[in-house]
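Visitor: Provided herewith is a single structure, encoded as structure tokens, for subsequent inquiry.
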Amino acid sequence: MPRSAPIGEAFNSGELSPRMAGRVGSAPYAAGCHRLEGFIPDIAGPAVKCAGLAYVAPVKDEERRAWLVRFDRDRESVFMLEFGHLYVRFYKDYAPVLSGGVPYEVATPYTKDDLINEAGAFAIDYTQSGDILYLAHRSHQPRKLSHFGDTSWTLTAYEQTGGPFQDQNATAVTVYASANTGSITLHASAATFTADMVGTLFYLEQKAVSDVKQWEVEKAITSGDKRRSGGRNYSALNSATTGTITPTHTEGAVYDGDTGVQWEYLDAGYGWARITGFTSTTEVSATVLSRIPDGAVGSGNASTKWALGAWSDSLGWPDCVGFYLDRLVWARDQVIWMSVAGDYENMQARDAGRQLTDSAVSLPIPSRRGNPILWLETLEIGLVVGTGSDEWLVGPASRNDALGPLNISASPAGTIGSRGVPALRIFDSIIFTQRSGKRLRALRYLQGEGAIYSDLNAYADHVTRGFVSTAYVQEPYSMIVGIGSDGAFSAVTYYPEQQVLGWWRRPMVGVVECVQSIPSPDASRDDLWLIVRRTINGTTRRYVEWMQPPLEDDADQADAFYVDSGITYSGAATTTITGLGHLEGQTVNVLVNGATHPQRTVAGGSITLQRAGTKVHVGLPYTARLATMDLESGSATGTAQGKMKRAYRLAVRLLRTLGGRLGTSETKLDALQFRDASVPMGSAPPLFTGDKYAPGPGGSDRVARVWFEHSDPLPATVVAVMPQLSTEDA
């Protein structure tokens, strides 16, 4: 019976799919796990126990779902936002922002139903520029959430100017305005307007260019005369003979010669207004935003040259938003609209009748299956657009010229298709949730090769289940976190340059409904925030919590935070810990001055300790588990797979660990011993670095695995496992 001592020296391929069980000779198998729960695969190879979740506050309305949105302008302006039914609340420095002793909030128009899309994900898309968060939702006019101070935020309508508009009317229906400026009435010759057009823009062009005489040199002009030049309309402010300088200005008044006529710019032959009230299908009230030309004012100038705004309650509002080349980009259905460069609220496709390089852009995305745009994200090569069936690259048609209305194109990138979950920009790739919600895809572009796709679930297709929320945490571990429709938490350690891709799962008492990341207040790492739904004392509760970082190598043992929905007491020695009302009736783990304490049950919002502590962490317990793949140690006749094996001794190499059990299955585990005579009773054994051993459980099996389990409220890092096996060749 040959003996062997294989070593499991890395776990950074994470938990592998059962379909990988036969890939014994592959690199992922060698660094993979049969199970990895509560352990983060580190880039260097070890498995590091995930730290606990610190309790922040309940959501405002615990009967309804809420969502988290990040806002980070600088180190002094880092907020997490809670969007719920008709409100948004704010968190800073791990606590609610208060005003007058109560959580500060701003009213919103978004109901609980507005907040969830068909995929079960957050239905509001958003992007940030400085102190403004732009919000997009199909059922609501876009909004701007502006930050002026911790308790000074405003939510206002995004009221774009100059467009965008639908295609110009192609029927015989005419429209005229009651006046050039101010509050006006628009009259249509046939049913045109609906009540849900209130708030949208309306474009109106003069009936005929020929109604205004062309400007000419050396012509007698009387004050008040109108002339057109370059397609624009001007009014004379004095009586004189025209000079030799053709009027080209687009604002104010300019002379056409030293002794000529002073011409005031009026309009470019068209103007627009915002509909403010509905009277009938042929009449609405409106406010003029850009002067309506004389040739469209009055019943005698009724014009067929009109267009409705492209955004309205009837057509829908943009439901995607982003930035590209200093343009604010909006999208809905299969169309994207880009603002004027550097002027985010200006959507004019023409500036005083001229189409300029920096004018606004409207571009259809010809998705083959007619699927709507679901996300926008940028790479250096262009704007990437994701739909339910394919991906597109938008950018300048000619890379030698600036992007603009006459220099833009959309080219197909691939046909993977997405779920309605926002994409993430990570390194040089865009990470998006595939249509089924069960896979993450990475999309990047290589010079000369085009779009390159990677399947992040190629070796772990069993982990993800219908993602509805994702977030990226760059520090201290580069990991993508995904929340399934069932509330399960899964994540992948992602270092593509090192070819490290390791999935793991996070055990949870309750279900996670949303995740979001944001820089920590001291900018030393990224913090993962969550909304967790738990059943507490028979009642459904929803809490905002954040994931603490694993205990750092130079940190004190007493700072170890490995409980969920937990709180920390720090102060004078005490045996009573209060502030636990959110865990009423729950059995909790306790760490007192770095030492485990017998579990307690919360009653009256507090617990009583059997020994006093100056630093105490209290919260819900969770168990981290690591199980290797079926070990391959070889045999006299080849592989050890499928042959009877017996583990007669187990060893595990640990780093700054205290507690844990070691064995060959979930049911055959031995507690590791850390206390010896050198540790005084009543004090905590120090964190241990080195090798620990356990006897083999006896008996043989065709599957040989090493299991490590850790339930204590303390850190654990598994560096390697080193079993000693005997294998039967018969």
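Every chain in the structure tokens has a letter given in the order shown (A, B, ...), and although residue numbers restart at 1 in each chain, ligands are simply numbered from 1 in the order shown.
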Determine, counting only C-alpha atoms, which protein, DNA and RNA residues have an atom within 9 Å of an atom of Val78 in chain A; residues of the same chain fewer than 6 positions away are not included. Present the result as a VMD selection string.

Guide: chain A and resid 70 to 72 91 to 93 518 to 521

Visitor: I'd like to know which of A:Val718, A:Leu379, A:Ala460, A:Ala704 is closest to Pro28 in chain A, using only C-alpha atoms.

Guide: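 Looking only at the distances to Pro28 in chain A, the closest residue turns out to be A:Ala460.
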
Visitor: When you look at Val481 in chain A with a cut-off of 9 Å (counting only C-alpha atoms), what residues show up, excluding the ones that are within fewer than 4 positions of it in the same chain? I need them as a count of residues only.

Guide: 13

Visitor: Counting only C-alpha atoms, what are the residues of range 125-178 of chain A within 10 Å of range 204-211 of chain A, and for each of them which pair of atoms is the nearest and at what distance in Å, to one decimal? Sort the table by chain and rising number, as CSV.

Guide:
```
residue,atom,partner,partner_atom,distance
A:Gln168,CA,A:Leu204,CA,9.4
A:Thr174,CA,A:Lys207,CA,9.3
A:Val175,CA,A:Leu204,CA,7.7
A:Tyr176,CA,A:Leu204,CA,7.8
A:Ala177,CA,A:Leu204,CA,8.4
```

Visitor: Those same residues, written as a CSV table (one decimal), in the first residue's frame with C-alpha atoms?

Guide:
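Writing done, so here's result.csv:
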```csv
chain,number,residue,atom,x,y,z
A,168,GLN,CA,-39.7,66.0,-38.0
A,174,THR,CA,-49.7,72.0,-38.8
A,175,VAL,CA,-48.9,73.8,-35.6
A,176,TYR,CA,-48.5,77.5,-34.7
A,177,ALA,CA,-47.5,79.4,-31.6
```

Visitor: Can you pull out the residues contacting Gly594 in chain A? Cut-off 9 Å, using only C-alpha atoms, and skip same-chain residues under 4 positions away; I want them as a VMD selection string.

Guide: chain A and resid 556 to 560 615 to 616 683 to 686 714

Visitor: Since we have the selection now, will you write its residues out, keeping C-alpha atoms, as an mmCIF file, in the first residue's frame?

Guide:
```cif
data_model
loop_
_atom_site.group_PDB
_atom_site.id
_atom_site.type_symbol
_atom_site.label_atom_id
_atom_site.label_comp_id
_atom_site.auth_asym_id
_atom_site.auth_seq_id
_atom_site.Cartn_x
_atom_site.Cartn_y
_atom_site.Cartn_z
ATOM 1 C CA ASP A 556 -3.948 43.715 17.699
ATOM 2 C CA GLN A 557 -5.841 40.479 18.264
ATOM 3 C CA ALA A 558 -8.532 42.356 20.190
ATOM 4 C CA ASP A 559 -9.439 44.227 16.992
ATOM 5 C CA ALA A 560 -10.484 41.038 15.203
ATOM 6 C CA LYS A 615 -13.039 45.855 23.823
ATOM 7 C CA VAL A 616 -15.921 43.582 22.930
ATOM 8 C CA SER A 683 -6.386 35.273 28.801
ATOM 9 C CA ALA A 684 -6.564 34.586 25.101
ATOM 10 C CA PRO A 685 -3.999 32.369 23.405
ATOM 11 C CA PRO A 686 -2.110 34.461 20.835
ATOM 12 C CA LEU A 714 -11.397 35.192 15.185
#
```

Visitor: Excluding same-chain residues fewer than 5 positions from Val618 in chain A, what lies within 9 Å of it counting only C-alpha atoms, as a list in words?

Guide: Phe561, Tyr562, Val563, Asp564, Ser565, Gly566, Ile567, Thr568, Tyr569, Ile577, Leu580, Val588, Asn589, Val590, Leu591, Val592 and Pro713 of chain A

Visitor: To test your reading of the structure, identify every residue in range 284-347 of chain A that backbone DSSP assigns to strand (DSSP E or B), and report it as an mmCIF file with all heavy atoms, in the first residue's frame.

Guide:
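Result file is states13.cif:
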```
data_model
loop_
_atom_site.group_PDB
_atom_site.id
_atom_site.type_symbol
_atom_site.label_atom_id
_atom_site.label_comp_id
_atom_site.auth_asym_id
_atom_site.auth_seq_id
_atom_site.Cartn_x
_atom_site.Cartn_y
_atom_site.Cartn_z
ATOM 1 N N VAL A 284 -52.062 73.034 -26.281
ATOM 2 C CA VAL A 284 -51.316 72.917 -25.028
ATOM 3 C C VAL A 284 -50.680 74.249 -24.712
ATOM 4 O O VAL A 284 -50.463 75.085 -25.605
ATOM 5 C CB VAL A 284 -50.214 71.836 -25.113
ATOM 6 C CG1 VAL A 284 -50.810 70.447 -25.230
ATOM 7 C CG2 VAL A 284 -49.242 72.119 -26.256
ATOM 8 N N SER A 285 -50.397 74.477 -23.446
ATOM 9 C CA SER A 285 -49.624 75.652 -23.051
ATOM 10 C C SER A 285 -48.159 75.259 -22.962
ATOM 11 O O SER A 285 -47.822 74.091 -22.752
ATOM 12 C CB SER A 285 -50.117 76.193 -21.708
ATOM 13 O OG SER A 285 -50.079 75.186 -20.716
ATOM 14 N N ALA A 286 -47.270 76.234 -23.144
ATOM 15 C CA ALA A 286 -45.838 75.949 -23.168
ATOM 16 C C ALA A 286 -45.059 77.185 -22.757
ATOM 17 O O ALA A 286 -45.570 78.308 -22.786
ATOM 18 C CB ALA A 286 -45.403 75.487 -24.551
ATOM 19 N N THR A 287 -43.809 76.956 -22.369
ATOM 20 C CA THR A 287 -42.888 78.051 -22.063
ATOM 21 C C THR A 287 -41.768 78.026 -23.087
ATOM 22 O O THR A 287 -41.107 76.993 -23.275
ATOM 23 C CB THR A 287 -42.299 77.890 -20.652
ATOM 24 O OG1 THR A 287 -43.361 77.943 -19.695
ATOM 25 C CG2 THR A 287 -41.299 78.994 -20.355
ATOM 26 N N VAL A 288 -41.544 79.140 -23.754
ATOM 27 C CA VAL A 288 -40.528 79.211 -24.800
ATOM 28 C C VAL A 288 -39.137 79.201 -24.168
ATOM 29 O O VAL A 288 -38.842 79.978 -23.255
ATOM 30 C CB VAL A 288 -40.705 80.469 -25.668
ATOM 31 C CG1 VAL A 288 -39.564 80.586 -26.683
ATOM 32 C CG2 VAL A 288 -42.045 80.431 -26.381
ATOM 33 N N LEU A 289 -38.289 78.326 -24.672
ATOM 34 C CA LEU A 289 -36.904 78.244 -24.223
ATOM 35 C C LEU A 289 -35.943 78.810 -25.249
ATOM 36 O O LEU A 289 -34.835 79.216 -24.909
ATOM 37 C CB LEU A 289 -36.553 76.779 -23.921
ATOM 38 C CG LEU A 289 -37.421 76.084 -22.869
ATOM 39 C CD1 LEU A 289 -37.039 74.621 -22.737
ATOM 40 C CD2 LEU A 289 -37.308 76.788 -21.521
ATOM 41 N N SER A 290 -36.334 78.801 -26.487
ATOM 42 C CA SER A 290 -35.556 79.417 -27.561
ATOM 43 C C SER A 290 -36.556 80.035 -28.532
ATOM 44 O O SER A 290 -37.488 79.365 -28.992
ATOM 45 C CB SER A 290 -34.697 78.371 -28.282
ATOM 46 O OG SER A 290 -33.946 78.962 -29.312
ATOM 47 N N VAL A 297 -45.614 81.946 -35.877
ATOM 48 C CA VAL A 297 -46.476 82.575 -34.892
ATOM 49 C C VAL A 297 -47.749 83.067 -35.573
ATOM 50 O O VAL A 297 -47.689 83.755 -36.601
ATOM 51 C CB VAL A 297 -45.766 83.741 -34.188
ATOM 52 C CG1 VAL A 297 -46.722 84.474 -33.250
ATOM 53 C CG2 VAL A 297 -44.551 83.238 -33.419
ATOM 54 N N SER A 303 -47.316 75.825 -39.350
ATOM 55 C CA SER A 303 -46.213 75.151 -40.044
ATOM 56 C C SER A 303 -46.310 73.635 -39.893
ATOM 57 O O SER A 303 -46.696 73.124 -38.845
ATOM 58 C CB SER A 303 -44.879 75.641 -39.472
ATOM 59 O OG SER A 303 -43.802 74.896 -39.982
ATOM 60 N N TRP A 306 -42.513 70.666 -37.577
ATOM 61 C CA TRP A 306 -42.480 70.582 -36.130
ATOM 62 C C TRP A 306 -42.058 69.178 -35.702
ATOM 63 O O TRP A 306 -42.110 68.229 -36.488
ATOM 64 C CB TRP A 306 -43.825 70.956 -35.499
ATOM 65 C CG TRP A 306 -44.994 70.159 -36.002
ATOM 66 C CD1 TRP A 306 -45.816 70.476 -37.030
ATOM 67 C CD2 TRP A 306 -45.454 68.894 -35.498
ATOM 68 N NE1 TRP A 306 -46.773 69.514 -37.225
ATOM 69 C CE2 TRP A 306 -46.571 68.518 -36.287
ATOM 70 C CE3 TRP A 306 -45.052 68.059 -34.480
ATOM 71 C CZ2 TRP A 306 -47.270 67.341 -36.071
ATOM 72 C CZ3 TRP A 306 -45.745 66.872 -34.254
ATOM 73 C CH2 TRP A 306 -46.841 66.533 -35.041
ATOM 74 N N ALA A 307 -41.659 69.067 -34.467
ATOM 75 C CA ALA A 307 -41.246 67.762 -33.935
ATOM 76 C C ALA A 307 -41.466 67.730 -32.433
ATOM 77 O O ALA A 307 -41.240 68.726 -31.732
ATOM 78 C CB ALA A 307 -39.782 67.488 -34.247
ATOM 79 N N LEU A 308 -41.907 66.594 -31.962
ATOM 80 C CA LEU A 308 -42.050 66.375 -30.526
ATOM 81 C C LEU A 308 -40.711 65.959 -29.926
ATOM 82 O O LEU A 308 -39.866 65.373 -30.603
ATOM 83 C CB LEU A 308 -43.081 65.285 -30.258
ATOM 84 C CG LEU A 308 -44.546 65.678 -30.483
ATOM 85 C CD1 LEU A 308 -45.408 64.435 -30.607
ATOM 86 C CD2 LEU A 308 -45.032 66.565 -29.330
ATOM 87 N N GLY A 309 -40.529 66.248 -28.658
ATOM 88 C CA GLY A 309 -39.322 65.814 -27.969
ATOM 89 C C GLY A 309 -39.219 64.296 -27.952
ATOM 90 O O GLY A 309 -40.220 63.575 -27.942
ATOM 91 N N SER A 312 -40.408 61.760 -23.062
ATOM 92 C CA SER A 312 -41.671 62.184 -22.463
ATOM 93 C C SER A 312 -42.249 61.043 -21.663
ATOM 94 O O SER A 312 -41.782 59.901 -21.736
ATOM 95 C CB SER A 312 -42.671 62.617 -23.545
ATOM 96 O OG SER A 312 -43.066 61.504 -24.332
ATOM 97 N N GLY A 316 -41.424 57.568 -22.893
ATOM 98 C CA GLY A 316 -40.435 57.072 -21.948
ATOM 99 C C GLY A 316 -39.253 58.023 -21.868
ATOM 100 O O GLY A 316 -38.966 58.786 -22.801
ATOM 101 N N CYS A 320 -30.649 54.837 -19.144
ATOM 102 C CA CYS A 320 -29.212 54.622 -18.964
ATOM 103 C C CYS A 320 -28.515 55.974 -19.065
ATOM 104 O O CYS A 320 -28.939 56.847 -19.834
ATOM 105 C CB CYS A 320 -28.647 53.683 -20.027
ATOM 106 S SG CYS A 320 -29.183 51.977 -19.897
ATOM 107 N N VAL A 321 -27.430 56.139 -18.323
ATOM 108 C CA VAL A 321 -26.696 57.395 -18.359
ATOM 109 C C VAL A 321 -25.223 57.117 -18.090
ATOM 110 O O VAL A 321 -24.868 56.184 -17.361
ATOM 111 C CB VAL A 321 -27.274 58.401 -17.329
ATOM 112 C CG1 VAL A 321 -27.129 57.875 -15.900
ATOM 113 C CG2 VAL A 321 -26.646 59.768 -17.476
ATOM 114 N N GLY A 322 -24.361 57.906 -18.710
ATOM 115 C CA GLY A 322 -22.923 57.764 -18.513
ATOM 116 C C GLY A 322 -22.201 58.948 -19.114
ATOM 117 O O GLY A 322 -22.824 59.932 -19.554
ATOM 118 N N PHE A 323 -20.873 58.879 -19.146
ATOM 119 C CA PHE A 323 -20.059 59.931 -19.752
ATOM 120 C C PHE A 323 -19.148 59.326 -20.803
ATOM 121 O O PHE A 323 -18.688 58.188 -20.671
ATOM 122 C CB PHE A 323 -19.207 60.645 -18.696
ATOM 123 C CG PHE A 323 -19.934 61.708 -17.942
ATOM 124 C CD1 PHE A 323 -20.480 61.453 -16.695
ATOM 125 C CD2 PHE A 323 -20.086 62.974 -18.489
ATOM 126 C CE1 PHE A 323 -21.156 62.432 -15.993
ATOM 127 C CE2 PHE A 323 -20.761 63.973 -17.802
ATOM 128 C CZ PHE A 323 -21.299 63.695 -16.553
ATOM 129 N N TYR A 324 -18.898 60.110 -21.858
ATOM 130 C CA TYR A 324 -17.940 59.697 -22.878
ATOM 131 C C TYR A 324 -17.378 60.942 -23.545
ATOM 132 O O TYR A 324 -18.132 61.794 -24.042
ATOM 133 C CB TYR A 324 -18.606 58.798 -23.923
ATOM 134 C CG TYR A 324 -17.689 58.384 -25.049
ATOM 135 C CD1 TYR A 324 -16.477 57.739 -24.798
ATOM 136 C CD2 TYR A 324 -18.019 58.639 -26.379
ATOM 137 C CE1 TYR A 324 -15.633 57.367 -25.820
ATOM 138 C CE2 TYR A 324 -17.189 58.258 -27.418
ATOM 139 C CZ TYR A 324 -15.993 57.627 -27.134
ATOM 140 O OH TYR A 324 -15.152 57.262 -28.161
ATOM 141 N N ARG A 327 -18.854 64.251 -22.737
ATOM 142 C CA ARG A 327 -20.267 64.409 -23.091
ATOM 143 C C ARG A 327 -21.098 63.560 -22.129
ATOM 144 O O ARG A 327 -20.728 62.430 -21.815
ATOM 145 C CB ARG A 327 -20.544 63.958 -24.527
ATOM 146 C CG ARG A 327 -19.865 64.785 -25.609
ATOM 147 C CD ARG A 327 -20.088 64.132 -26.967
ATOM 148 N NE ARG A 327 -19.405 64.815 -28.057
ATOM 149 C CZ ARG A 327 -19.977 65.707 -28.864
ATOM 150 N NH1 ARG A 327 -21.257 66.018 -28.695
ATOM 151 N NH2 ARG A 327 -19.290 66.278 -29.839
ATOM 152 N N LEU A 328 -22.215 64.110 -21.676
ATOM 153 C CA LEU A 328 -23.162 63.336 -20.899
ATOM 154 C C LEU A 328 -23.982 62.501 -21.880
ATOM 155 O O LEU A 328 -24.547 63.029 -22.840
ATOM 156 C CB LEU A 328 -24.069 64.255 -20.088
ATOM 157 C CG LEU A 328 -25.049 63.581 -19.131
ATOM 158 C CD1 LEU A 328 -24.333 62.698 -18.123
ATOM 159 C CD2 LEU A 328 -25.898 64.635 -18.412
ATOM 160 N N VAL A 329 -24.021 61.200 -21.650
ATOM 161 C CA VAL A 329 -24.659 60.279 -22.585
ATOM 162 C C VAL A 329 -25.906 59.683 -21.942
ATOM 163 O O VAL A 329 -25.865 59.192 -20.808
ATOM 164 C CB VAL A 329 -23.697 59.136 -22.986
ATOM 165 C CG1 VAL A 329 -24.349 58.241 -24.031
ATOM 166 C CG2 VAL A 329 -22.384 59.710 -23.506
ATOM 167 N N TRP A 330 -27.007 59.723 -22.678
ATOM 168 C CA TRP A 330 -28.262 59.122 -22.251
ATOM 169 C C TRP A 330 -28.657 58.042 -23.250
ATOM 170 O O TRP A 330 -28.263 58.096 -24.423
ATOM 171 C CB TRP A 330 -29.382 60.168 -22.179
ATOM 172 C CG TRP A 330 -29.099 61.320 -21.268
ATOM 173 C CD1 TRP A 330 -28.522 62.510 -21.616
ATOM 174 C CD2 TRP A 330 -29.371 61.409 -19.868
ATOM 175 N NE1 TRP A 330 -28.417 63.337 -20.524
ATOM 176 C CE2 TRP A 330 -28.940 62.686 -19.433
ATOM 177 C CE3 TRP A 330 -29.939 60.542 -18.948
ATOM 178 C CZ2 TRP A 330 -29.062 63.097 -18.112
ATOM 179 C CZ3 TRP A 330 -30.070 60.952 -17.631
ATOM 180 C CH2 TRP A 330 -29.632 62.218 -17.223
ATOM 181 N N ALA A 331 -29.440 57.076 -22.808
ATOM 182 C CA ALA A 331 -29.886 56.018 -23.718
ATOM 183 C C ALA A 331 -31.248 55.505 -23.295
ATOM 184 O O ALA A 331 -31.601 55.514 -22.108
ATOM 185 C CB ALA A 331 -28.874 54.870 -23.753
ATOM 186 N N ARG A 332 -32.002 55.060 -24.299
ATOM 187 C CA ARG A 332 -33.277 54.391 -24.081
ATOM 188 C C ARG A 332 -33.593 53.563 -25.313
ATOM 189 O O ARG A 332 -33.320 54.004 -26.439
ATOM 190 C CB ARG A 332 -34.409 55.389 -23.845
ATOM 191 C CG ARG A 332 -35.727 54.746 -23.394
ATOM 192 C CD ARG A 332 -36.915 55.689 -23.562
ATOM 193 N NE ARG A 332 -37.215 55.948 -24.951
ATOM 194 C CZ ARG A 332 -37.408 57.157 -25.475
ATOM 195 N NH1 ARG A 332 -37.290 58.236 -24.718
ATOM 196 N NH2 ARG A 332 -37.683 57.296 -26.756
ATOM 197 N N VAL A 335 -31.452 53.787 -28.813
ATOM 198 C CA VAL A 335 -30.894 55.079 -29.208
ATOM 199 C C VAL A 335 -30.045 55.630 -28.073
ATOM 200 O O VAL A 335 -30.397 55.504 -26.900
ATOM 201 C CB VAL A 335 -32.011 56.092 -29.555
ATOM 202 C CG1 VAL A 335 -31.407 57.417 -30.015
ATOM 203 C CG2 VAL A 335 -32.939 55.530 -30.622
ATOM 204 N N ILE A 336 -28.899 56.227 -28.442
ATOM 205 C CA ILE A 336 -28.114 56.978 -27.468
ATOM 206 C C ILE A 336 -28.094 58.439 -27.886
ATOM 207 O O ILE A 336 -28.129 58.766 -29.080
ATOM 208 C CB ILE A 336 -26.673 56.444 -27.312
ATOM 209 C CG1 ILE A 336 -25.893 56.561 -28.623
ATOM 210 C CG2 ILE A 336 -26.672 55.021 -26.809
ATOM 211 C CD1 ILE A 336 -24.433 56.223 -28.457
ATOM 212 N N TRP A 337 -28.075 59.307 -26.895
ATOM 213 C CA TRP A 337 -27.987 60.748 -27.124
ATOM 214 C C TRP A 337 -26.808 61.285 -26.335
ATOM 215 O O TRP A 337 -26.640 60.958 -25.155
ATOM 216 C CB TRP A 337 -29.257 61.450 -26.659
ATOM 217 C CG TRP A 337 -30.511 61.032 -27.370
ATOM 218 C CD1 TRP A 337 -30.995 61.513 -28.548
ATOM 219 C CD2 TRP A 337 -31.474 60.063 -26.916
ATOM 220 N NE1 TRP A 337 -32.187 60.907 -28.866
ATOM 221 C CE2 TRP A 337 -32.506 60.004 -27.888
ATOM 222 C CE3 TRP A 337 -31.558 59.229 -25.805
ATOM 223 C CZ2 TRP A 337 -33.610 59.161 -27.765
ATOM 224 C CZ3 TRP A 337 -32.646 58.376 -25.680
ATOM 225 C CH2 TRP A 337 -33.645 58.349 -26.643
ATOM 226 N N MET A 338 -26.003 62.113 -26.972
ATOM 227 C CA MET A 338 -24.853 62.721 -26.307
ATOM 228 C C MET A 338 -25.032 64.228 -26.278
ATOM 229 O O MET A 338 -25.424 64.842 -27.278
ATOM 230 C CB MET A 338 -23.557 62.393 -27.056
ATOM 231 C CG MET A 338 -23.214 60.929 -27.114
ATOM 232 S SD MET A 338 -21.608 60.674 -27.932
ATOM 233 C CE MET A 338 -21.502 58.876 -27.904
ATOM 234 N N VAL A 340 -23.873 68.282 -25.892
ATOM 235 C CA VAL A 340 -22.796 69.112 -26.435
ATOM 236 C C VAL A 340 -21.557 68.879 -25.573
ATOM 237 O O VAL A 340 -21.645 68.730 -24.350
ATOM 238 C CB VAL A 340 -23.214 70.590 -26.418
ATOM 239 C CG1 VAL A 340 -22.029 71.505 -26.722
ATOM 240 C CG2 VAL A 340 -24.350 70.829 -27.406
ATOM 241 N N ASP A 343 -20.877 70.655 -22.118
ATOM 242 C CA ASP A 343 -22.099 71.358 -21.711
ATOM 243 C C ASP A 343 -23.182 70.307 -21.521
ATOM 244 O O ASP A 343 -23.955 70.010 -22.424
ATOM 245 C CB ASP A 343 -22.491 72.374 -22.786
ATOM 246 C CG ASP A 343 -23.578 73.334 -22.320
ATOM 247 O OD1 ASP A 343 -24.133 73.117 -21.225
ATOM 248 O OD2 ASP A 343 -23.899 74.282 -23.062
ATOM 249 N N ASN A 346 -26.970 70.707 -22.468
ATOM 250 C CA ASN A 346 -27.244 71.236 -23.800
ATOM 251 C C ASN A 346 -27.305 70.078 -24.790
ATOM 252 O O ASN A 346 -26.302 69.415 -25.052
ATOM 253 C CB ASN A 346 -26.150 72.226 -24.198
ATOM 254 C CG ASN A 346 -26.466 72.964 -25.489
ATOM 255 O OD1 ASN A 346 -27.331 72.562 -26.252
ATOM 256 N ND2 ASN A 346 -25.745 74.047 -25.732
#
```

Visitor: Work out how far apart CA of Leu650 in chain A and CA of Ala627 in chain A are and give it in Å to one decimal.

Guide: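 Here the two named atoms are 13.1 Å from each other.
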
Visitor: Could you tell me which of A:Thr156, A:Gln498, A:Thr639, A:Thr623 comes closest to Ile43 in chain A if we count only C-alpha atoms?

Guide: A:Gln498

Visitor: Residues near Val463 in chain A, anyone? I mean within 10 Å using only C-alpha atoms, not counting same-chain ones fewer than 5 positions away, as a VMD selection string.

Guide: chain A and resid 15 to 17 438 to 439 457 484 488 to 492 503 to 505

Visitor: Using only C-alpha atoms, which of A:Leu725, A:Val719, A:Met629, A:Leu325 sits nearest Ala47 in chain A?

Guide: A:Val719

Visitor: How far is it from CA of Thr151 in chain A to CA of Leu115 in chain A, in Å with one decimal?

Guide: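 If I compute the distance from CA of Thr151 in chain A to CA of Leu115 in chain A, I get 23.6 Å.
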
Visitor: Run DSSP on the backbone of this structure and report the residues of range 503-621 of chain A it assigns to helix (DSSP H, G or I), as a list in words.

Guide: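 Output for range 503-621 of chain A, helix (DSSP H, G or I) only: Gln557, Ala558, Asp559, Gly581, His582 and Leu583 of chain A.
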
Visitor: Quick one: pull the distance between CA of Arg425 in chain A and CA of Tyr494 in chain A, Å, one decimal.

Guide: 12.7 Å

Visitor: Using only C-alpha atoms, which of the listed residues (A:Met479, A:Phe90, A:Glu62, A:Ile536) sits closest to Ser517 in chain A?

Guide: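 Of A:Met479, A:Phe90, A:Glu62, A:Ile536, the one nearest Ser517 in chain A is A:Met479, counting only C-alpha atoms.
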